[in-house]
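Visitor: For reference, this is entry.txt, and it has compact mmCIF, C-alpha atoms.
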# COMPACT_ATOMS: atom_id res chain seq x y z
CA MET Y 1 38.02 16.69 -10.51
CA SER Y 2 41.03 14.45 -9.88
CA ASP Y 3 42.66 12.26 -12.47
CA SER Y 4 41.36 8.73 -12.98
CA ILE Y 5 41.95 6.11 -10.31
CA GLN Y 6 43.77 3.12 -11.75
CA ILE Y 7 42.41 -0.39 -11.18
CA GLY Y 8 43.89 -3.86 -11.54
CA LEU Y 9 41.29 -6.52 -12.38
CA LEU Y 10 41.99 -10.15 -11.45
CA GLY Y 11 39.89 -12.29 -13.76
CA LEU Y 12 37.84 -11.64 -16.89
CA GLY Y 13 35.18 -14.29 -16.67
CA THR Y 14 31.44 -13.66 -16.37
CA VAL Y 15 31.61 -11.14 -13.53
CA GLY Y 16 34.87 -9.59 -14.74
CA ARG Y 17 33.29 -8.80 -18.11
CA GLY Y 18 30.34 -7.22 -16.31
CA VAL Y 19 32.67 -5.03 -14.25
CA TYR Y 20 34.50 -3.92 -17.41
CA ARG Y 21 31.23 -3.14 -19.20
CA ILE Y 22 29.85 -1.04 -16.31
CA ILE Y 23 33.06 0.95 -15.78
CA THR Y 24 33.51 1.68 -19.49
CA GLY Y 25 29.80 2.17 -20.27
CA ASN Y 26 28.85 4.26 -17.23
CA GLY Y 27 32.19 6.03 -16.85
CA GLU Y 28 30.94 9.62 -17.03
CA ASN Y 29 28.13 8.99 -14.57
CA ILE Y 30 30.53 7.27 -12.14
CA LYS Y 31 33.00 10.15 -12.44
CA ARG Y 32 30.36 12.70 -11.48
CA LYS Y 33 29.29 10.63 -8.47
CA ILE Y 34 32.72 10.04 -6.94
CA GLY Y 35 34.72 13.03 -8.20
CA ALA Y 36 37.18 11.06 -10.34
CA GLY Y 37 37.16 8.62 -13.21
CA LEU Y 38 37.86 4.91 -12.93
CA GLU Y 39 40.24 3.23 -15.36
CA ILE Y 40 41.03 -0.46 -15.59
CA LYS Y 41 44.76 -0.39 -16.30
CA LYS Y 42 45.63 -4.10 -16.22
CA ILE Y 43 43.62 -7.34 -16.28
CA LEU Y 44 45.07 -10.65 -15.10
CA VAL Y 45 44.01 -13.57 -17.33
CA ARG Y 46 45.23 -17.10 -18.02
CA ASP Y 47 45.05 -16.87 -21.83
CA LEU Y 48 45.95 -13.68 -23.70
CA ASN Y 49 44.38 -14.84 -26.96
CA ARG Y 50 40.95 -15.99 -25.81
CA ASP Y 51 37.97 -14.22 -27.38
CA ARG Y 52 35.97 -12.72 -24.51
CA GLY Y 53 33.24 -11.04 -26.54
CA ILE Y 54 34.05 -7.46 -25.50
CA ASP Y 55 35.84 -4.56 -27.18
CA LEU Y 56 39.12 -4.54 -25.26
CA ASP Y 57 42.62 -3.14 -25.74
CA PRO Y 58 44.80 -6.29 -25.70
CA GLY Y 59 47.56 -4.24 -24.09
CA LYS Y 60 45.55 -4.24 -20.87
CA LEU Y 61 45.82 -8.02 -20.57
CA THR Y 62 48.58 -9.77 -18.65
CA THR Y 63 49.36 -13.22 -17.33
CA ARG Y 64 51.75 -11.80 -14.69
CA ILE Y 65 50.31 -10.80 -11.33
CA GLU Y 66 53.44 -8.69 -10.81
CA ASP Y 67 52.21 -6.28 -13.49
CA ILE Y 68 49.42 -5.35 -11.09
CA LEU Y 69 51.04 -5.76 -7.68
CA GLU Y 70 54.23 -3.88 -8.59
CA ASP Y 71 52.52 -0.99 -10.37
CA PRO Y 72 52.37 1.99 -7.97
CA GLU Y 73 49.70 3.68 -10.10
CA ILE Y 74 47.22 0.85 -9.46
CA LYS Y 75 45.45 1.77 -6.24
CA ILE Y 76 42.52 -0.69 -6.26
CA VAL Y 77 42.71 -4.42 -6.98
CA VAL Y 78 39.42 -6.09 -7.96
CA GLU Y 79 39.30 -9.87 -7.51
CA VAL Y 80 36.68 -11.81 -9.48
CA MET Y 81 38.68 -15.01 -10.06
CA GLY Y 82 37.04 -17.08 -7.33
CA GLY Y 83 38.52 -19.91 -5.30
CA ILE Y 84 41.09 -19.63 -2.54
CA GLU Y 85 44.36 -20.52 -4.25
CA PRO Y 86 46.15 -18.70 -5.77
CA THR Y 87 43.62 -15.93 -5.12
CA LEU Y 88 44.35 -15.58 -1.40
CA GLY Y 89 48.02 -15.01 -2.09
CA TYR Y 90 47.29 -12.35 -4.70
CA VAL Y 91 44.82 -10.49 -2.47
CA SER Y 92 47.11 -10.71 0.56
CA ALA Y 93 50.01 -9.30 -1.43
CA ALA Y 94 47.86 -6.43 -2.71
CA LEU Y 95 46.77 -5.51 0.83
CA GLU Y 96 50.36 -5.71 2.09
CA LYS Y 97 51.26 -3.10 -0.52
CA GLY Y 98 48.49 -0.82 0.73
CA LYS Y 99 46.23 -1.37 -2.28
CA SER Y 100 42.52 -1.47 -1.53
CA VAL Y 101 40.79 -4.71 -2.51
CA VAL Y 102 37.28 -5.35 -3.79
CA THR Y 103 36.25 -8.99 -4.02
CA ALA Y 104 33.20 -11.08 -4.90
CA ASN Y 105 34.78 -14.21 -3.39
CA LYS Y 106 32.52 -15.76 -0.74
CA ASP Y 107 34.80 -18.79 -0.27
CA MET Y 108 37.81 -16.63 0.54
CA ILE Y 109 35.94 -14.20 2.80
CA ALA Y 110 34.12 -16.96 4.71
CA THR Y 111 37.32 -18.95 5.20
CA CYS Y 112 40.08 -16.32 5.44
CA GLY Y 113 38.26 -13.09 6.26
CA LYS Y 114 39.91 -12.65 9.65
CA GLN Y 115 43.46 -12.64 8.30
CA LEU Y 116 42.53 -10.45 5.34
CA PHE Y 117 40.88 -7.83 7.53
CA ALA Y 118 43.97 -7.81 9.74
CA LEU Y 119 46.12 -7.15 6.67
CA ALA Y 120 43.80 -4.40 5.45
CA GLU Y 121 43.83 -2.68 8.85
CA ALA Y 122 47.62 -2.98 9.22
CA ASN Y 123 48.16 -1.38 5.81
CA SER Y 124 45.37 1.24 5.88
CA ALA Y 125 43.56 -0.32 2.94
CA ASP Y 126 39.92 -1.05 2.21
CA LEU Y 127 38.64 -4.62 1.93
CA LEU Y 128 35.14 -4.56 0.44
CA PHE Y 129 33.04 -7.62 -0.44
CA GLU Y 130 29.40 -6.65 -1.08
CA ALA Y 131 29.15 -9.01 -4.07
CA SER Y 132 30.22 -12.06 -2.03
CA VAL Y 133 26.64 -12.55 -0.79
CA ALA Y 134 23.43 -12.35 -2.85
CA GLY Y 135 24.94 -10.87 -6.02
CA GLY Y 136 23.40 -7.50 -6.80
CA ILE Y 137 21.26 -7.32 -3.64
CA PRO Y 138 22.73 -4.78 -1.20
CA ILE Y 139 23.06 -6.55 2.15
CA ILE Y 140 26.66 -6.27 3.44
CA ARG Y 141 26.63 -2.47 3.43
CA PRO Y 142 23.14 -2.21 5.01
CA LEU Y 143 24.19 -4.54 7.83
CA LYS Y 144 27.46 -2.68 8.41
CA GLN Y 145 26.13 0.85 7.99
CA CYS Y 146 22.40 1.44 7.49
CA LEU Y 147 21.35 -0.95 10.29
CA ALA Y 148 24.41 -0.36 12.48
CA ALA Y 149 22.37 1.27 15.25
CA ASN Y 150 20.30 -1.90 15.68
CA ARG Y 151 20.86 -5.04 17.68
CA ILE Y 152 20.18 -7.60 14.95
CA THR Y 153 18.31 -10.61 16.30
CA GLN Y 154 17.93 -12.72 13.18
CA VAL Y 155 18.91 -13.02 9.54
CA ILE Y 156 16.90 -15.51 7.47
CA GLY Y 157 17.34 -15.79 3.75
CA ILE Y 158 17.09 -17.55 0.45
CA ILE Y 159 20.65 -17.00 -0.75
CA ASN Y 160 21.17 -19.70 -3.36
CA GLY Y 161 19.41 -19.14 -6.67
CA THR Y 162 19.99 -22.65 -8.03
CA THR Y 163 18.15 -24.43 -5.23
CA ASN Y 164 15.41 -21.81 -5.13
CA TYR Y 165 14.82 -22.29 -8.86
CA MET Y 166 14.66 -26.06 -8.38
CA LEU Y 167 12.28 -25.96 -5.42
CA SER Y 168 10.10 -23.39 -7.22
CA LYS Y 169 9.81 -25.69 -10.25
CA MET Y 170 9.08 -28.71 -8.07
CA THR Y 171 6.38 -26.74 -6.25
CA GLY Y 172 4.80 -25.20 -9.33
CA GLU Y 173 4.90 -28.24 -11.61
CA GLY Y 174 5.13 -31.25 -9.28
CA SER Y 175 8.40 -32.22 -10.95
CA ASP Y 176 10.92 -34.65 -9.48
CA PHE Y 177 14.28 -33.55 -8.13
CA GLU Y 178 16.44 -35.19 -10.82
CA ASP Y 179 14.35 -33.78 -13.69
CA VAL Y 180 14.54 -30.24 -12.29
CA LEU Y 181 18.28 -30.53 -11.66
CA ARG Y 182 18.87 -31.49 -15.31
CA GLU Y 183 16.76 -28.53 -16.43
CA ALA Y 184 18.69 -26.16 -14.12
CA GLN Y 185 21.97 -27.41 -15.58
CA ALA Y 186 20.69 -27.00 -19.14
CA LYS Y 187 19.76 -23.37 -18.40
CA GLY Y 188 23.12 -22.63 -16.78
CA TYR Y 189 21.65 -22.15 -13.29
CA ALA Y 190 23.44 -25.23 -11.94
CA GLU Y 191 27.02 -26.35 -12.55
CA ALA Y 192 27.93 -29.69 -14.09
CA ASP Y 193 28.95 -30.62 -10.53
CA PRO Y 194 26.09 -29.02 -8.54
CA GLY Y 195 27.20 -30.32 -5.14
CA SER Y 196 28.02 -26.96 -3.54
CA ASP Y 197 24.53 -25.68 -4.35
CA ILE Y 198 22.28 -28.67 -3.73
CA GLU Y 199 24.18 -29.83 -0.63
CA GLY Y 200 23.82 -26.36 0.92
CA TYR Y 201 27.48 -25.35 1.19
CA ASP Y 202 27.24 -22.31 -1.07
CA ALA Y 203 24.49 -20.90 1.16
CA ALA Y 204 26.44 -21.88 4.29
CA ARG Y 205 29.49 -19.85 3.24
CA LYS Y 206 27.30 -16.83 2.58
CA LEU Y 207 25.52 -17.28 5.92
CA ALA Y 208 28.86 -17.37 7.75
CA ILE Y 209 29.62 -13.93 6.29
CA LEU Y 210 26.19 -12.49 7.09
CA ALA Y 211 26.11 -13.86 10.64
CA SER Y 212 29.61 -12.52 11.37
CA ILE Y 213 28.51 -9.02 10.39
CA ALA Y 214 25.04 -9.16 11.95
CA PHE Y 215 26.21 -10.39 15.36
CA ASN Y 216 29.71 -8.81 15.43
CA SER Y 217 31.32 -12.18 16.12
CA ARG Y 218 33.35 -14.38 13.77
CA ILE Y 219 31.35 -17.27 12.29
CA VAL Y 220 33.16 -19.70 9.99
CA LEU Y 221 31.86 -22.44 7.70
CA ASP Y 222 32.47 -25.16 10.29
CA ASP Y 223 30.13 -23.31 12.68
CA VAL Y 224 27.20 -23.64 10.26
CA TYR Y 225 24.96 -26.71 10.38
CA VAL Y 226 24.27 -27.76 6.77
CA GLU Y 227 21.65 -29.91 5.03
CA GLY Y 228 20.94 -29.76 1.31
CA ILE Y 229 17.80 -30.36 -0.75
CA THR Y 230 18.66 -33.77 -2.21
CA GLY Y 231 16.15 -35.50 0.09
CA ILE Y 232 13.20 -33.28 -0.87
CA THR Y 233 10.59 -35.05 -2.97
CA ALA Y 234 7.49 -34.04 -4.88
CA THR Y 235 5.53 -35.90 -2.20
CA ASP Y 236 6.91 -33.69 0.58
CA ILE Y 237 6.15 -30.56 -1.44
CA ALA Y 238 2.57 -31.74 -2.03
CA TYR Y 239 2.03 -32.44 1.68
CA ALA Y 240 3.56 -29.07 2.58
CA GLY Y 241 1.02 -27.38 0.29
CA GLU Y 242 -1.82 -29.34 1.89
CA LEU Y 243 -0.65 -27.99 5.27
CA ASN Y 244 -0.40 -24.40 3.87
CA TYR Y 245 3.39 -24.37 3.79
CA THR Y 246 6.01 -24.14 1.05
CA ILE Y 247 9.52 -25.62 1.17
CA LYS Y 248 12.59 -23.40 0.76
CA LEU Y 249 16.30 -23.89 1.40
CA LEU Y 250 16.78 -21.30 4.14
CA ALA Y 251 19.92 -19.87 5.66
CA ILE Y 252 19.04 -19.03 9.26
CA ALA Y 253 21.11 -17.10 11.81
CA LYS Y 254 19.73 -16.06 15.18
CA GLU Y 255 21.25 -14.58 18.30
CA THR Y 256 19.91 -16.25 21.45
CA ASP Y 257 20.84 -16.25 25.13
CA GLU Y 258 22.60 -19.61 24.56
CA GLY Y 259 24.66 -18.37 21.62
CA ILE Y 260 24.45 -17.83 17.88
CA GLU Y 261 22.45 -20.24 15.74
CA ALA Y 262 23.79 -20.68 12.21
CA ARG Y 263 22.13 -23.28 10.02
CA VAL Y 264 21.21 -24.03 6.41
CA HIS Y 265 18.54 -26.61 5.64
CA PRO Y 266 15.27 -27.20 3.79
CA THR Y 267 12.45 -25.56 5.72
CA LEU Y 268 8.68 -25.46 5.65
CA ILE Y 269 7.49 -21.85 5.92
CA PRO Y 270 3.87 -20.63 5.92
CA VAL Y 271 2.56 -19.62 2.50
CA HIS Y 272 1.85 -16.11 3.88
CA HIS Y 273 5.48 -15.54 4.93
CA PRO Y 274 7.28 -12.95 2.73
CA LEU Y 275 9.99 -15.47 1.79
CA ALA Y 276 7.40 -17.96 0.53
CA ALA Y 277 6.73 -15.73 -2.50
CA VAL Y 278 10.41 -15.60 -3.53
CA ASN Y 279 10.67 -17.88 -6.57
CA ASP Y 280 12.83 -18.78 -9.53
CA VAL Y 281 16.50 -17.70 -9.22
CA TYR Y 282 15.69 -14.73 -7.01
CA ASN Y 283 17.21 -14.28 -3.54
CA ALA Y 284 15.78 -12.54 -0.50
CA ILE Y 285 17.13 -11.83 2.97
CA PHE Y 286 14.86 -11.12 5.91
CA VAL Y 287 16.55 -9.12 8.71
CA THR Y 288 15.08 -8.28 12.12
CA GLY Y 289 16.53 -5.48 14.27
CA ASP Y 290 15.41 -4.22 17.66
CA ALA Y 291 14.85 -0.68 16.36
CA VAL Y 292 13.97 -1.09 12.68
CA GLY Y 293 11.81 -4.20 13.07
CA ASP Y 294 11.51 -6.50 10.04
CA THR Y 295 13.17 -5.62 6.73
CA MET Y 296 13.61 -7.64 3.55
CA PHE Y 297 16.15 -7.30 0.73
CA TYR Y 298 15.12 -8.87 -2.59
CA GLY Y 299 16.55 -9.26 -6.07
CA ARG Y 300 18.73 -11.33 -8.37
CA GLY Y 301 21.36 -13.12 -6.36
CA ALA Y 302 23.74 -13.97 -9.20
CA GLY Y 303 24.54 -13.29 -12.83
CA GLU Y 304 26.99 -11.14 -14.74
CA MET Y 305 25.48 -7.67 -14.39
CA PRO Y 306 23.78 -7.91 -10.95
CA THR Y 307 26.99 -9.17 -9.34
CA ALA Y 308 29.11 -6.69 -11.30
CA SER Y 309 26.80 -3.91 -10.08
CA ALA Y 310 27.73 -4.71 -6.47
CA VAL Y 311 31.44 -4.99 -7.34
CA VAL Y 312 31.51 -1.58 -9.05
CA ALA Y 313 29.64 0.03 -6.16
CA ASP Y 314 32.41 -1.23 -3.85
CA ILE Y 315 35.05 0.10 -6.25
CA MET Y 316 33.36 3.50 -6.08
CA ASP Y 317 33.42 3.42 -2.27
CA ALA Y 318 37.11 2.49 -2.27
CA ALA Y 319 37.79 5.31 -4.74
CA ARG Y 320 35.97 7.85 -2.55
CA ASP Y 321 38.08 6.77 0.44
CA LEU Y 322 41.25 7.22 -1.60
CA LEU Y 323 40.18 10.69 -2.73
CA ARG Y 324 39.48 11.66 0.88
CA ASN Y 325 42.71 10.01 2.02
CA VAL Y 326 40.86 7.70 4.44
CA PRO Y 327 41.33 4.17 3.02
CA GLY Y 328 40.72 1.48 5.61
CA ILE Y 329 38.04 3.47 7.44
CA ILE Y 330 35.56 0.56 7.03
CA SER Y 331 37.16 -2.06 9.27
CA CYS Y 332 36.20 -5.50 10.51
CA THR Y 333 33.15 -5.44 12.79
CA CYS Y 334 33.78 -8.82 14.50
CA TYR Y 335 34.85 -7.27 17.80
CA GLU Y 336 33.09 -9.81 20.07
CA GLU Y 337 33.54 -13.53 20.72
CA LYS Y 338 30.10 -15.08 21.16
CA PRO Y 339 29.51 -18.83 21.51
CA VAL Y 340 27.93 -20.81 18.69
CA LYS Y 341 24.89 -22.74 19.81
CA ASP Y 342 25.06 -26.52 19.49
CA MET Y 343 22.54 -27.80 16.94
CA GLY Y 344 21.10 -30.19 19.51
CA ALA Y 345 20.00 -27.18 21.58
CA VAL Y 346 18.24 -25.43 18.69
CA GLU Y 347 14.46 -25.29 18.96
CA SER Y 348 12.21 -25.72 15.96
CA ARG Y 349 8.97 -27.28 14.80
CA TYR Y 350 9.24 -30.38 12.60
CA TYR Y 351 7.49 -32.06 9.69
CA ILE Y 352 7.89 -35.85 9.78
CA ARG Y 353 6.75 -38.32 7.11
CA LEU Y 354 6.55 -42.02 8.08
CA GLN Y 355 5.64 -45.29 6.36
CA VAL Y 356 3.91 -47.55 8.88
CA SER Y 357 1.94 -50.77 9.10
CA ASP Y 358 -1.76 -50.14 8.68
CA ARG Y 359 -3.10 -51.68 11.86
CA PRO Y 360 -4.69 -50.48 15.12
CA GLY Y 361 -2.45 -48.97 17.79
CA VAL Y 362 0.34 -47.80 15.48
CA LEU Y 363 -0.31 -44.09 15.87
CA ALA Y 364 -0.65 -44.49 19.63
CA SER Y 365 2.79 -46.17 19.88
CA ILE Y 366 4.37 -43.40 17.80
CA ALA Y 367 2.70 -40.68 19.86
CA TYR Y 368 3.91 -42.38 23.06
CA ALA Y 369 7.52 -42.42 21.80
CA PHE Y 370 7.32 -38.73 20.95
CA GLY Y 371 5.68 -37.89 24.26
CA ASP Y 372 8.36 -39.76 26.19
CA LYS Y 373 10.94 -37.33 24.73
CA GLU Y 374 8.71 -34.28 25.31
CA VAL Y 375 7.79 -33.90 21.65
CA SER Y 376 4.27 -32.53 21.31
CA LEU Y 377 2.27 -33.13 18.10
CA ALA Y 378 0.38 -30.23 16.53
CA SER Y 379 -1.24 -32.01 13.56
CA VAL Y 380 -1.48 -35.45 11.96
CA LEU Y 381 -2.33 -36.51 8.40
CA GLN Y 382 -2.83 -40.18 7.54
CA LYS Y 383 -2.89 -41.45 3.95
CA GLN Y 384 -3.54 -44.98 2.71
CA THR Y 385 -0.80 -46.13 0.34
CA ASP Y 386 -1.85 -49.79 -0.09
CA THR Y 387 -3.77 -52.41 1.86
CA VAL Y 388 -0.98 -52.98 4.40
CA THR Y 389 0.91 -49.67 4.54
CA ALA Y 390 -0.17 -46.21 5.61
CA GLU Y 391 1.69 -42.93 5.27
CA ILE Y 392 1.59 -40.61 8.26
CA VAL Y 393 2.58 -36.96 8.20
CA LEU Y 394 3.13 -35.24 11.54
CA VAL Y 395 3.87 -31.63 12.44
CA THR Y 396 5.18 -30.95 15.93
CA HIS Y 397 5.11 -28.01 18.26
CA LYS Y 398 8.48 -26.36 18.98
CA VAL Y 399 11.00 -28.78 20.48
CA ARG Y 400 14.74 -29.06 20.97
CA GLU Y 401 16.60 -30.84 18.19
CA LYS Y 402 18.19 -33.23 20.71
CA ASN Y 403 14.78 -34.43 21.89
CA MET Y 404 13.59 -34.88 18.31
CA ARG Y 405 16.63 -36.97 17.38
CA GLU Y 406 16.18 -39.19 20.43
CA ALA Y 407 12.49 -39.69 19.69
CA LEU Y 408 13.16 -40.57 16.04
CA GLU Y 409 15.80 -43.09 17.05
CA ILE Y 410 13.18 -44.92 19.14
CA ILE Y 411 10.53 -44.66 16.41
CA LYS Y 412 12.87 -46.07 13.75
CA HIS Y 413 13.09 -49.29 15.75
CA LEU Y 414 9.35 -49.76 16.31
CA SER Y 415 8.15 -52.90 14.55
CA SER Y 416 5.21 -51.00 13.09
CA VAL Y 417 7.41 -48.31 11.46
CA LYS Y 418 8.75 -49.35 8.06
CA GLU Y 419 10.53 -46.08 7.20
CA VAL Y 420 11.13 -42.55 8.39
CA SER Y 421 10.82 -41.03 4.91
CA ASN Y 422 11.70 -37.44 5.74
CA VAL Y 423 12.21 -34.93 8.53
CA ILE Y 424 12.09 -31.20 7.69
CA ARG Y 425 12.19 -28.25 10.07
CA VAL Y 426 9.34 -25.74 10.20
CA GLU Y 427 10.00 -22.00 10.71
CA GLY Y 428 8.32 -18.63 10.35
CA GLU Y 429 5.14 -18.93 12.39
Once more with this new file: its structure as structure tokens, please.
Guide:
Amino acid sequence: MSDSIQIGLLGLGTVGRGVYRIITGNGENIKRKIGAGLEIKKILVRDLNRDRGIDLDPGKLTTRIEDILEDPEIKIVVEVMGGIEPTLGYVSAALEKGKSVVTANKDMIATCGKQLFALAEANSADLLFEASVAGGIPIIRPLKQCLAANRITQVIGIINGTTNYMLSKMTGEGSDFEDVLREAQAKGYAEADPGSDIEGYDAARKLAILASIAFNSRIVLDDVYVEGITGITATDIAYAGELNYTIKLLAIAKETDEGIEARVHPTLIPVHHPLAAVNDVYNAIFVTGDAVGDTMFYGRGAGEMPTASAVVADIMDAARDLLRNVPGIISCTCYEEKPVKDMGAVESRYYIRLQVSDRPGVLASIAYAFGDKEVSLASVLQKQTDTVTAEIVLVTHKVREKNMREALEIIKHLSSVKEVSNVIRVEGE
């Protein structure tokens, strides 16, 4: 067996500690699997004196990135710092020096992946990022390798654990959004500023990465239509259950004749759909290929050890490539330039909840407005809220988003309609 492969670790936070624990704790097993040991030689940190709760040689710590970039013995740089600056500069410099890079950074890959892959290819280095999407669930490698013979037609997933936990609690207990958010923050599932999660942007960044790989065409964050879960109420969840649906924040990417759909939004899915049973902080990704059919990848999408598991697996792949003298063999797969479908052209079914005047002819006027824009109604629920107001819940057949928006604009201005309380897309029939 060869000598140990030296690693530079950027960051020693939650995931960094997990990476250190796996490499030191499972070292002998890893060595037998790849043919060489792995050794973390230097770790970049902000504070040399901070207690990190692990048994660590303080001589491995440094505040100078140069101690990693300028060390010729360090062959693999592992980035678990997060963010784009100064991380992008550090990773770019490592690739320019021919060092392979393993990262868990979804923001950087979704935003700057194209330039980083170009650097990796130019310098015959690996750039691996399995942990950037869905934590410990293997999905990047299956899309790039195991399912490579397929034409992937769709990728639909629950890829944000915070929002899935919140919607699961709201569904199971009838809790309100604000109460569940406070509970998620208290348990450490949601940040003090939860905007990236609850507004859907965390899932959108991950979807940009998945769609780029699945459809071999670069998708960036700005290509993804995004809605969060802040408008979902206990009332909507109760009505969804009455209609045999559950509400999930879904990341949806489809390849159509008109281009690639990439969207993140709350969605009603049938209770019998495999994704409907994915609860708590778990993630799941449903992939359809022309040869393999439907497949689903399920597990914990975040956390110290699940995410570190994916990072270390990438380190092992990079080490194998170094031992075989073939670093950079896994290159960027975005070799096509496919159009991104305008959201107005996307077809979906819709759930609509309205507050209306309780008098004859109201439903007929609403149905006429929908019909005028070629929106066909599949089901109607009417609930009495008081003596003058009724609540109507409608579910449509499949219709273009543009037609739905135009119909709702007319309905909002009907004298009998007091409020359009919510509009949620319906998928998975």
Visitor: Quick one: everything within 9 Å of range 274-286 of chain Y, counting only C-alpha atoms, minus sequence neighbours fewer than 6 positions away in the same chain. Send it as a PyMOL selection string.
Guide: chain Y and resi 134-135+137+139+154-169+189+245-248+251+294-302
Visitor: Dump as a PyMOL selection string all residues having an atom at most 7 Å from (6.1, -32.9, 16.4), computed in the file's coordinates with only C-alpha atoms.
Guide: chain Y and resi 349-351+375-378+394-397
Visitor: Using C-alpha atoms, can you export the residues from the last selection as a tab-separated table (two decimals), in the frame of the given file?
Guide:
chain	number	residue	atom	x	y	z
Y	349	ARG	CA	8.97	-27.28	14.80
Y	350	TYR	CA	9.24	-30.38	12.60
Y	351	TYR	CA	7.49	-32.06	9.69
Y	375	VAL	CA	7.79	-33.90	21.65
Y	376	SER	CA	4.27	-32.53	21.31
Y	377	LEU	CA	2.27	-33.13	18.10
Y	378	ALA	CA	0.38	-30.23	16.53
Y	394	LEU	CA	3.13	-35.24	11.54
Y	395	VAL	CA	3.87	-31.63	12.44
Y	396	THR	CA	5.18	-30.95	15.93
Y	397	HIS	CA	5.11	-28.01	18.26
Visitor: Looking at only C-alpha atoms, which of Y:Ala186, Y:Met305, Y:Ile232, Y:Val362 is the one that sits closest to Gly174 in chain Y?
Guide: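 So, comparing all the options, the nearest one is Y:Ile232.
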Visitor: Need the shell around Gly328 in chain Y: protein/DNA/RNA residues with any atom at most 9 Å away, counting all atoms listed in the file. Skip same-chain ones fewer than 4 positions apart. Format as a PyMOL selection string?
Guide: chain Y and resi 100+120-127+318+321
Visitor: Taking only C-alpha atoms into account, name the residue in Y:Ala390, Y:Ile260, Y:Ala148, Y:Ala208 that is nearest to Val346 in chain Y.
Guide: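 Looking only at the distances to Val346 in chain Y, the closest residue turns out to be Y:Ile260.
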Visitor: What's around Ile229 in chain Y at 8 Å? Count all atoms listed in the file, leave out sequence neighbours fewer than 5 positions away in its own chain, and write the answer as JSON, numbers by chain.
Guide: {"Y": [163, 198, 199, 200, 249, 265, 266]}
Visitor: Check the smallest atom-to-atom distance from each of Y:Pro72, Y:Gly37, Y:Gly188, Y:Gly13 to Ile315 in chain Y using all atoms listed in the file, then report the winner.
Guide: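 Between Y:Pro72, Y:Gly37, Y:Gly188, Y:Gly13, the residue approaching Ile315 in chain Y most closely is Y:Gly37.
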Visitor: Using all atoms listed in the file for the distances, tell me which of Y:Gln145, Y:Thr267, Y:Thr62, Y:Ser309 is nearest to Leu250 in chain Y.
Guide: Y:Thr267
Visitor: Please tell me which residues are no farther than 9 Å from (34.0, -18.4, -9.4) in the file, counting only C-alpha atoms, and write them as a compact mmCIF listing (two decimals) with C-alpha atoms, in the coordinates of the input.
Guide:
# COMPACT_ATOMS: atom_id res chain seq x y z
CA GLY Y 13 35.18 -14.29 -16.67
CA THR Y 14 31.44 -13.66 -16.37
CA VAL Y 15 31.61 -11.14 -13.53
CA VAL Y 80 36.68 -11.81 -9.48
CA MET Y 81 38.68 -15.01 -10.06
CA GLY Y 82 37.04 -17.08 -7.33
CA GLY Y 83 38.52 -19.91 -5.30
CA ALA Y 104 33.20 -11.08 -4.90
CA ASN Y 105 34.78 -14.21 -3.39
Visitor: I'd like the neighbourhood of Ala291 in chain Y as number ranges by chain, where a residue qualifies if any of its atoms comes within 8 Å (using all atoms listed in the file), though same-chain residues fewer than 5 positions away should be ignored.
Guide: Y: 149-151
Visitor: Just the residues within 8 Å of Val311 in chain Y, please, counting only C-alpha atoms, with nothing from its chain fewer than 2 positions along; format it as a list in words.
Guide: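 That gives Val19, Val102, Thr103, Ala104, Phe129, Glu130, Ala131, Thr307, Ala308, Ser309, Ala313, Asp314 and Ile315 of chain Y.
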Visitor: Would you mind reading off the distance between CA of Lys31 in chain Y and CA of Leu119 in chain Y, one decimal, in Å?
Guide: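 Rounded to one decimal, the two atoms are 28.9 Å apart.
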Visitor: Quick one: distance from CA of Ser217 in chain Y to CA of Asp257 in chain Y in Å, one decimal?
Guide: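 Spanning CA of Ser217 in chain Y to CA of Asp257 in chain Y is a straight-line distance of 14.4 Å.
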Visitor: Do you have the CA of Arg218 in chain Y-CA of Cys334 in chain Y distance handy?
Guide: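 It comes out at 5.6 Å.
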Visitor: Identify which of the residues Y:Leu10, Y:Ala310, Y:Ala364, Y:Val91 lies closest to Arg141 in chain Y, counting all atoms listed in the file when measuring atom-to-atom distances.
Guide: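 The answer is Y:Ala310, which sits nearest to Arg141 in chain Y.
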Visitor: Find the residue from Y:Thr387, Y:Thr235, Y:Ser196, Y:Ser132 that sits nearest to Gly113 in chain Y; use all atoms listed in the file when measuring.
Guide: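 Checking each of Y:Thr387, Y:Thr235, Y:Ser196, Y:Ser132 against Gly113 in chain Y, counting all atoms listed in the file, the winner is Y:Ser132.
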Visitor: Draw an axis-aligned box tight on the listed atoms of range 410-417 of chain Y, then pad every side by 3 Å and write out centre and edge lengths in Å to one decimal as lines of an AutoDock Vina configuration file.
Guide:
center_x = 9.2
center_y = -48.8
center_z = 15.3
size_x = 14.0
size_y = 14.2
size_z = 13.7
Visitor: What does range 378-389 of chain Y look like written to a file with C-alpha atoms, as an mmCIF file, in the first residue's frame?
Guide:
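After the write, result-v2.cif holds the following:
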data_model
loop_
_atom_site.group_PDB
_atom_site.id
_atom_site.type_symbol
_atom_site.label_atom_id
_atom_site.label_comp_id
_atom_site.auth_asym_id
_atom_site.auth_seq_id
_atom_site.Cartn_x
_atom_site.Cartn_y
_atom_site.Cartn_z
ATOM 1 C CA ALA Y 378 -62.078 19.176 -11.318
ATOM 2 C CA SER Y 379 -63.627 19.551 -7.847
ATOM 3 C CA VAL Y 380 -65.283 22.151 -5.624
ATOM 4 C CA LEU Y 381 -65.681 22.335 -1.834
ATOM 5 C CA GLN Y 382 -67.843 25.027 -0.243
ATOM 6 C CA LYS Y 383 -67.710 25.818 3.481
ATOM 7 C CA GLN Y 384 -69.830 28.288 5.435
ATOM 8 C CA THR Y 385 -67.653 30.639 7.497
ATOM 9 C CA ASP Y 386 -70.360 33.037 8.757
ATOM 10 C CA THR Y 387 -73.781 34.244 7.672
ATOM 11 C CA VAL Y 388 -72.440 36.433 4.851
ATOM 12 C CA THR Y 389 -69.163 34.773 3.794
#
